>>> print(open('final_7.txt').read())   # compact mmCIF, C-alpha atoms
# COMPACT_ATOMS: atom_id res chain seq x y z
CA MET U 1 158.50 135.97 79.99
CA ASP U 2 156.93 133.23 77.95
CA ALA U 3 153.17 133.92 78.09
CA ALA U 4 151.08 131.89 75.71
CA PRO U 5 147.85 133.47 74.51
CA GLN U 6 144.71 132.30 76.26
CA THR U 7 142.56 130.40 73.79
CA ALA U 8 139.58 128.25 74.46
CA PRO U 9 140.27 124.56 73.92
CA GLY U 10 137.83 122.69 71.71
CA ASN U 11 136.35 120.79 74.65
CA PRO U 12 134.26 123.05 76.97
CA ALA U 13 134.98 120.83 79.98
CA GLU U 14 138.72 121.14 79.44
CA HIS U 15 138.41 124.91 79.13
CA LEU U 16 136.45 125.18 82.38
CA LEU U 17 138.87 122.90 84.21
CA SER U 18 141.79 124.94 82.94
CA ILE U 19 140.42 128.09 84.56
CA TYR U 20 138.67 126.56 87.60
CA ASP U 21 141.68 126.12 89.90
CA ARG U 22 142.96 129.60 89.15
CA ALA U 23 139.57 131.36 89.26
CA LEU U 24 137.90 129.63 92.20
CA PRO U 25 139.73 131.56 94.94
CA GLN U 26 139.13 134.85 93.14
CA VAL U 27 135.43 134.26 92.54
CA TYR U 28 134.86 132.97 96.06
CA GLY U 29 136.85 135.87 97.52
CA TYR U 30 134.81 138.36 95.51
CA VAL U 31 131.52 136.88 96.75
CA VAL U 32 132.47 136.31 100.39
CA ARG U 33 133.76 139.88 100.78
CA ARG U 34 130.41 141.20 99.61
CA CYS U 35 128.00 138.88 101.41
CA GLY U 36 130.03 138.05 104.54
CA ILE U 37 128.50 134.58 104.91
CA GLU U 38 130.79 131.71 103.98
CA ALA U 39 128.07 129.14 103.26
CA LEU U 40 126.20 131.58 101.05
CA ALA U 41 129.44 132.51 99.27
CA GLU U 42 130.11 128.82 98.60
CA ASP U 43 126.60 128.36 97.17
CA LEU U 44 126.83 131.44 94.97
CA THR U 45 130.31 130.47 93.77
CA ALA U 46 128.97 127.06 92.81
CA GLU U 47 126.13 128.77 90.92
CA VAL U 48 128.70 130.87 89.03
CA PHE U 49 130.59 127.79 87.86
CA MET U 50 127.33 126.03 86.99
CA ALA U 51 126.41 129.05 84.83
CA ALA U 52 129.86 128.88 83.22
CA THR U 53 129.38 125.21 82.44
CA ALA U 54 125.95 125.85 80.95
CA ALA U 55 127.27 128.76 78.86
CA LEU U 56 130.11 126.66 77.48
CA LEU U 57 127.92 123.66 76.75
CA ASP U 58 125.27 125.64 74.89
CA ARG U 59 128.05 127.63 73.20
CA SER U 60 126.54 131.00 74.18
CA VAL U 61 130.10 132.20 74.93
CA ASP U 62 133.35 131.32 73.21
CA ASP U 63 135.73 131.96 76.06
CA ILE U 64 135.27 132.26 79.80
CA GLY U 65 137.80 134.18 81.80
CA ILE U 66 137.99 135.52 85.32
CA GLY U 67 136.27 138.74 84.23
CA TRP U 68 133.30 136.77 82.92
CA LEU U 69 133.15 134.72 86.13
CA ILE U 70 133.32 137.84 88.37
CA GLY U 71 130.60 139.50 86.30
CA THR U 72 128.42 136.43 86.70
CA ALA U 73 129.17 136.40 90.44
CA ARG U 74 128.03 140.03 90.62
CA HIS U 75 124.74 139.07 88.93
CA LYS U 76 124.28 136.09 91.26
CA LEU U 77 124.79 138.35 94.28
CA VAL U 78 122.29 140.91 92.99
CA ASP U 79 119.76 138.14 92.31
CA HIS U 80 120.27 136.83 95.84
CA TRP U 81 119.80 140.28 97.37
CA ARG U 82 116.64 140.88 95.32
CA ARG U 83 115.21 137.50 96.36
CA THR U 84 116.01 138.23 100.00
CA ASP U 85 114.40 141.66 99.77
CA ARG U 86 111.24 140.23 98.16
CA GLN U 87 111.00 137.60 100.89
CA ARG U 88 111.53 140.20 103.61
CA THR U 89 108.86 142.46 102.07
CA ALA U 90 106.40 139.58 101.74
CA LEU U 91 106.97 138.54 105.34
CA SER U 92 106.53 142.09 106.61
CA LEU U 93 103.26 142.41 104.66
CA VAL U 94 101.98 139.18 106.12
CA ALA U 95 103.01 140.22 109.62
CA THR U 96 101.35 143.64 109.43
CA GLU U 97 98.15 142.84 107.53
CA ASP U 98 94.97 142.83 109.58
CA HIS U 99 93.20 139.56 109.03
CA GLU U 100 89.58 138.85 109.77
CA PRO U 101 89.59 135.55 111.61
CA ASP U 102 87.92 132.81 109.60
CA PRO U 103 85.80 130.66 111.91
CA ASN U 104 86.67 127.65 109.74
CA ASP U 105 90.40 128.16 110.23
CA GLU U 106 90.75 127.28 113.91
CA PRO U 107 94.03 125.56 114.70
CA ILE U 108 94.08 121.81 114.28
CA SER U 109 96.29 119.60 116.41
CA THR U 110 98.95 117.80 114.39
CA THR U 111 98.93 114.69 116.55
CA HIS U 112 96.81 112.64 114.18
CA THR U 113 97.00 114.76 111.04
CA HIS U 114 98.64 112.13 108.86
CA GLU U 115 96.22 109.44 110.00
CA VAL U 116 93.30 111.73 109.23
CA LEU U 117 94.73 112.69 105.83
CA ASP U 118 95.10 109.00 104.97
CA ARG U 119 91.36 108.55 105.56
CA LEU U 120 90.40 111.30 103.10
CA SER U 121 89.88 110.89 99.37
CA ALA U 122 92.96 111.29 97.20
CA GLU U 123 91.60 114.55 95.78
CA HIS U 124 90.99 116.07 99.23
CA ARG U 125 94.32 114.81 100.54
CA SER U 126 96.18 116.23 97.52
CA ALA U 127 94.51 119.63 97.76
CA LEU U 128 95.10 119.98 101.50
CA THR U 129 98.69 118.77 101.31
CA LEU U 130 99.61 121.08 98.44
CA ARG U 131 97.91 124.10 99.99
CA TYR U 132 98.63 123.78 103.72
CA ILE U 133 101.63 121.49 104.09
CA ASP U 134 103.57 122.55 100.97
CA GLY U 135 102.29 126.13 101.35
CA LEU U 136 101.46 126.65 97.69
CA PRO U 137 99.10 129.44 96.65
CA VAL U 138 95.66 128.38 95.44
CA GLY U 139 96.57 129.22 91.82
CA ASP U 140 99.52 126.81 91.90
CA VAL U 141 97.40 124.10 93.53
CA ALA U 142 94.83 124.60 90.76
CA GLY U 143 97.50 124.20 88.10
CA ILE U 144 98.85 121.01 89.63
CA LEU U 145 95.40 119.50 90.05
CA GLY U 146 94.29 120.62 86.58
CA LYS U 147 91.36 122.66 87.88
CA SER U 148 90.28 126.28 87.75
CA VAL U 149 91.09 128.51 90.71
CA HIS U 150 87.39 128.75 91.60
CA ALA U 151 86.98 124.96 91.48
CA THR U 152 90.10 124.55 93.61
CA GLU U 153 88.83 127.02 96.22
CA SER U 154 85.58 125.02 96.42
CA LEU U 155 87.54 121.77 96.62
CA LEU U 156 89.66 123.18 99.46
CA GLN U 157 86.53 124.20 101.41
CA ARG U 158 85.04 120.71 100.99
CA ALA U 159 88.38 119.10 101.88
CA LYS U 160 88.71 121.22 105.06
CA THR U 161 85.17 120.26 106.08
CA ALA U 162 85.91 116.58 105.44
CA PHE U 163 89.18 116.86 107.35
CA ARG U 164 87.49 118.43 110.38
CA GLN U 165 84.72 115.84 110.37
CA THR U 166 87.16 112.94 110.03
CA PHE U 167 89.43 114.48 112.67
CA ALA U 168 86.53 114.82 115.11
CA GLU U 169 85.41 111.23 114.47
CA HIS U 170 88.97 109.97 114.86
CA SER U 171 89.47 111.95 118.09
CA SER U 172 86.18 110.80 119.64
CA ALA U 173 86.90 107.18 118.70
CA GLU U 174 90.32 107.41 120.36
CA GLN U 175 88.82 109.08 123.42
CA SER U 176 86.21 106.32 123.72
CA SER U 177 88.89 103.69 123.36
CA ALA U 178 91.02 105.37 126.03
CA GLU U 179 88.07 105.61 128.42
CA HIS U 180 87.20 101.94 127.81
CA THR U 181 90.81 100.92 128.52
CA SER U 182 90.85 103.09 131.65
CA ASN U 183 87.61 101.55 132.91
CA GLU U 184 88.92 98.01 132.35
CA ALA U 185 92.13 98.82 134.22
CA GLY U 186 90.19 100.27 137.14
CA GLY U 187 87.97 97.21 137.41
CA GLN U 188 84.83 99.08 136.37
CA PRO U 189 82.45 97.43 133.87
>>> encode(input="final_7.txt", output="structure tokens")
Amino acid sequence: MDAAPQTAPGNPAEHLLSIYDRALPQVYGYVVRRCGIEALAEDLTAEVFMAATAALLDRSVDDIGIGWLIGTARHKLVDHWRRTDRQRTALSLVATEDHEPDPNDEPISTTHTHEVLDRLSAEHRSALTLRYIDGLPVGDVAGILGKSVHATESLLQRAKTAFRQTFAEHSSAEQSSAEHTSNEAGGQP
């Protein structure tokens, strides 16, 4: 048997390509057997090879073999399970918490939301979009807008008030226009 020793070629890309075809089925098989979801296994396998590429490019490892790839796959699976558990816990907390209803948080129809947002100042539109459409926490909104959390909370209150006022004006203007059109069609003055 003529087995040449496995050495890492000088070029990291060549090294990764030399192991990719042989290791891909093993890494994917390892992941899919443990998670049972093919699409997730494909994503995690891709993450493993991305980590291998990064490790070779920054020269944090000299040689990558199947053992290294399987170990990385194990870490990627654990990270995925932890993330999933945190999300599940967060959702269960949200679902079970008793919330005092905020009279200012009544549901708003989405029919004209974009039109109303376009009528608001850029600062109000940004704050509302980041907080309620993108779902970011107030602290993250504050960081993006370059404001303190307290200033951002105040801004959000003013923006919600402006949104409601603009929404009401927009809705009443449309209702008046619809009534006027209806009256003209019916022959009434």
>>> atom_distance(input="final_7.txt", atom1="CA of Asp58 (chain U)", atom2="CA of Arg74 (chain U)")
21.5 Å
>>> residues_around(input="final_7.txt", residues="Ala122 (chain U)", least_positions_apart="5", cutoff="12 Å", atoms="all atoms listed in the file", output="list in words")
Leu117, Ala127, Leu128, Thr129, Leu130, Leu145, Leu155 and Ala159 of chain U
>>> residues_around(input="final_7.txt", residues="Ile66 (chain U)", least_positions_apart="3", cutoff="7 Å", atoms="all atoms listed in the file", output="PyMOL selection string")
chain U and resi 23+69-70
>>> write_last_selection(input="final_7.txt", atoms="C-alpha atoms", output="PDB file, in the frame of the given file")
ATOM      1  CA  ALA U  23     139.570 131.360  89.260  1.00  0.00           C
ATOM      2  CA  LEU U  69     133.150 134.720  86.130  1.00  0.00           C
ATOM      3  CA  ILE U  70     133.320 137.840  88.370  1.00  0.00           C
TER       4      ILE U  70
END
>>> closest_residue(input="final_7.txt", among="U:Ala41, U:Val78, U:Leu16, U:Arg88", to="Thr53 (chain U)", atoms="only C-alpha atoms")
U:Leu16
>>> closest_residue(input="final_7.txt", among="U:His15, U:His80, U:Arg164, U:His124", to="Asp62 (chain U)", atoms="all atoms listed in the file")
U:His15
>>> closest_residue(input="final_7.txt", among="U:Leu120, U:Val48, U:Gly65, U:Arg125", to="Gln165 (chain U)", atoms="all atoms listed in the file")
U:Leu120
>>> atom_distance(input="final_7.txt", atom1="CA of Ser154 (chain U)", atom2="CA of Pro137 (chain U)")
14.2 Å
>>> residues_near_point(input="final_7.txt", point="(131.6, 137.7, 96.3)", cutoff="9 Å", atoms="all atoms listed in the file", output="ChimeraX atom specification")
/U:26-36,41,44-45,70,73-74,77
>>> write_last_selection(input="final_7.txt", atoms="C-alpha atoms", output="PDB file, in the coordinates of the input")
ATOM      1  CA  GLN U  26     139.130 134.850  93.140  1.00  0.00           C
ATOM      2  CA  VAL U  27     135.430 134.260  92.540  1.00  0.00           C
ATOM      3  CA  TYR U  28     134.860 132.970  96.060  1.00  0.00           C
ATOM      4  CA  GLY U  29     136.850 135.870  97.520  1.00  0.00           C
ATOM      5  CA  TYR U  30     134.810 138.360  95.510  1.00  0.00           C
ATOM      6  CA  VAL U  31     131.520 136.880  96.750  1.00  0.00           C
ATOM      7  CA  VAL U  32     132.470 136.310 100.390  1.00  0.00           C
ATOM      8  CA  ARG U  33     133.760 139.880 100.780  1.00  0.00           C
ATOM      9  CA  ARG U  34     130.410 141.200  99.610  1.00  0.00           C
ATOM     10  CA  CYS U  35     128.000 138.880 101.410  1.00  0.00           C
ATOM     11  CA  GLY U  36     130.030 138.050 104.540  1.00  0.00           C
ATOM     12  CA  ALA U  41     129.440 132.510  99.270  1.00  0.00           C
ATOM     13  CA  LEU U  44     126.830 131.440  94.970  1.00  0.00           C
ATOM     14  CA  THR U  45     130.310 130.470  93.770  1.00  0.00           C
ATOM     15  CA  ILE U  70     133.320 137.840  88.370  1.00  0.00           C
ATOM     16  CA  ALA U  73     129.170 136.400  90.440  1.00  0.00           C
ATOM     17  CA  ARG U  74     128.030 140.030  90.620  1.00  0.00           C
ATOM     18  CA  LEU U  77     124.790 138.350  94.280  1.00  0.00           C
TER      19      LEU U  77
END
>>> residues_around(input="final_7.txt", residues="Leu17 (chain U)", least_positions_apart="3", cutoff="12 Å", atoms="only C-alpha atoms", output="list in words")
Ala8, Pro9, Asn11, Pro12, Ala13, Glu14, Tyr20, Asp21, Arg22, Ala23, Leu24, Phe49, Ala52, Thr53, Leu56, Ile64 and Gly65 of chain U
>>> atom_distance(input="final_7.txt", atom1="CA of Lys76 (chain U)", atom2="CA of Val61 (chain U)")
17.8 Å
>>> build_atoms(input="final_7.txt", residues="region 39-66 of chain U", atoms="N, CA and C atoms", output="CSV table (one decimal), in the coordinates of the input")
chain,number,residue,atom,x,y,z
U,39,ALA,N,128.9,130.2,103.9
U,39,ALA,CA,128.1,129.1,103.3
U,39,ALA,C,127.4,129.7,102.0
U,40,LEU,N,126.9,130.9,102.2
U,40,LEU,CA,126.2,131.6,101.0
U,40,LEU,C,127.2,131.8,99.9
U,41,ALA,N,128.4,132.3,100.3
U,41,ALA,CA,129.4,132.5,99.3
U,41,ALA,C,129.8,131.2,98.5
U,42,GLU,N,129.8,130.1,99.2
U,42,GLU,CA,130.1,128.8,98.6
U,42,GLU,C,129.0,128.5,97.6
U,43,ASP,N,127.7,128.7,98.0
U,43,ASP,CA,126.6,128.4,97.2
U,43,ASP,C,126.6,129.2,95.9
U,44,LEU,N,126.8,130.5,96.1
U,44,LEU,CA,126.8,131.4,95.0
U,44,LEU,C,128.0,131.2,94.0
U,45,THR,N,129.1,130.8,94.6
U,45,THR,CA,130.3,130.5,93.8
U,45,THR,C,130.0,129.2,92.9
U,46,ALA,N,129.4,128.3,93.6
U,46,ALA,CA,129.0,127.1,92.8
U,46,ALA,C,128.0,127.4,91.7
U,47,GLU,N,127.1,128.3,92.0
U,47,GLU,CA,126.1,128.8,90.9
U,47,GLU,C,126.9,129.4,89.8
U,48,VAL,N,127.9,130.2,90.1
U,48,VAL,CA,128.7,130.9,89.0
U,48,VAL,C,129.3,129.8,88.1
U,49,PHE,N,129.9,128.8,88.7
U,49,PHE,CA,130.6,127.8,87.9
U,49,PHE,C,129.6,126.9,87.1
U,50,MET,N,128.4,126.7,87.7
U,50,MET,CA,127.3,126.0,87.0
U,50,MET,C,126.9,126.9,85.8
U,51,ALA,N,126.8,128.2,85.9
U,51,ALA,CA,126.4,129.0,84.8
U,51,ALA,C,127.5,129.0,83.8
U,52,ALA,N,128.8,129.0,84.2
U,52,ALA,CA,129.9,128.9,83.2
U,52,ALA,C,129.8,127.6,82.4
U,53,THR,N,129.5,126.5,83.1
U,53,THR,CA,129.4,125.2,82.4
U,53,THR,C,128.2,125.2,81.4
U,54,ALA,N,127.1,125.8,81.8
U,54,ALA,CA,126.0,125.8,81.0
U,54,ALA,C,126.3,126.7,79.7
U,55,ALA,N,126.9,127.8,80.0
U,55,ALA,CA,127.3,128.8,78.9
U,55,ALA,C,128.2,128.1,77.9
U,56,LEU,N,129.2,127.3,78.4
U,56,LEU,CA,130.1,126.7,77.5
U,56,LEU,C,129.4,125.5,76.7
U,57,LEU,N,128.6,124.8,77.4
U,57,LEU,CA,127.9,123.7,76.8
U,57,LEU,C,126.9,124.1,75.7
U,58,ASP,N,126.2,125.2,75.9
U,58,ASP,CA,125.3,125.6,74.9
U,58,ASP,C,125.9,126.6,73.9
U,59,ARG,N,127.2,126.8,74.1
U,59,ARG,CA,128.0,127.6,73.2
U,59,ARG,C,127.5,129.1,73.1
U,60,SER,N,127.0,129.6,74.2
U,60,SER,CA,126.5,131.0,74.2
U,60,SER,C,127.7,131.9,74.4
U,61,VAL,N,128.9,131.4,74.8
U,61,VAL,CA,130.1,132.2,74.9
U,61,VAL,C,131.2,131.3,74.4
U,62,ASP,N,132.2,132.0,73.8
U,62,ASP,CA,133.4,131.3,73.2
U,62,ASP,C,134.4,131.1,74.2
U,63,ASP,N,134.6,132.1,75.1
U,63,ASP,CA,135.7,132.0,76.1
U,63,ASP,C,135.3,132.5,77.4
U,64,ILE,N,135.6,131.8,78.5
U,64,ILE,CA,135.3,132.3,79.8
U,64,ILE,C,136.6,132.6,80.5
U,65,GLY,N,136.6,133.8,81.0
U,65,GLY,CA,137.8,134.2,81.8
U,65,GLY,C,137.4,134.6,83.2
U,66,ILE,N,138.3,135.1,84.0
U,66,ILE,CA,138.0,135.5,85.3
U,66,ILE,C,137.0,136.7,85.3
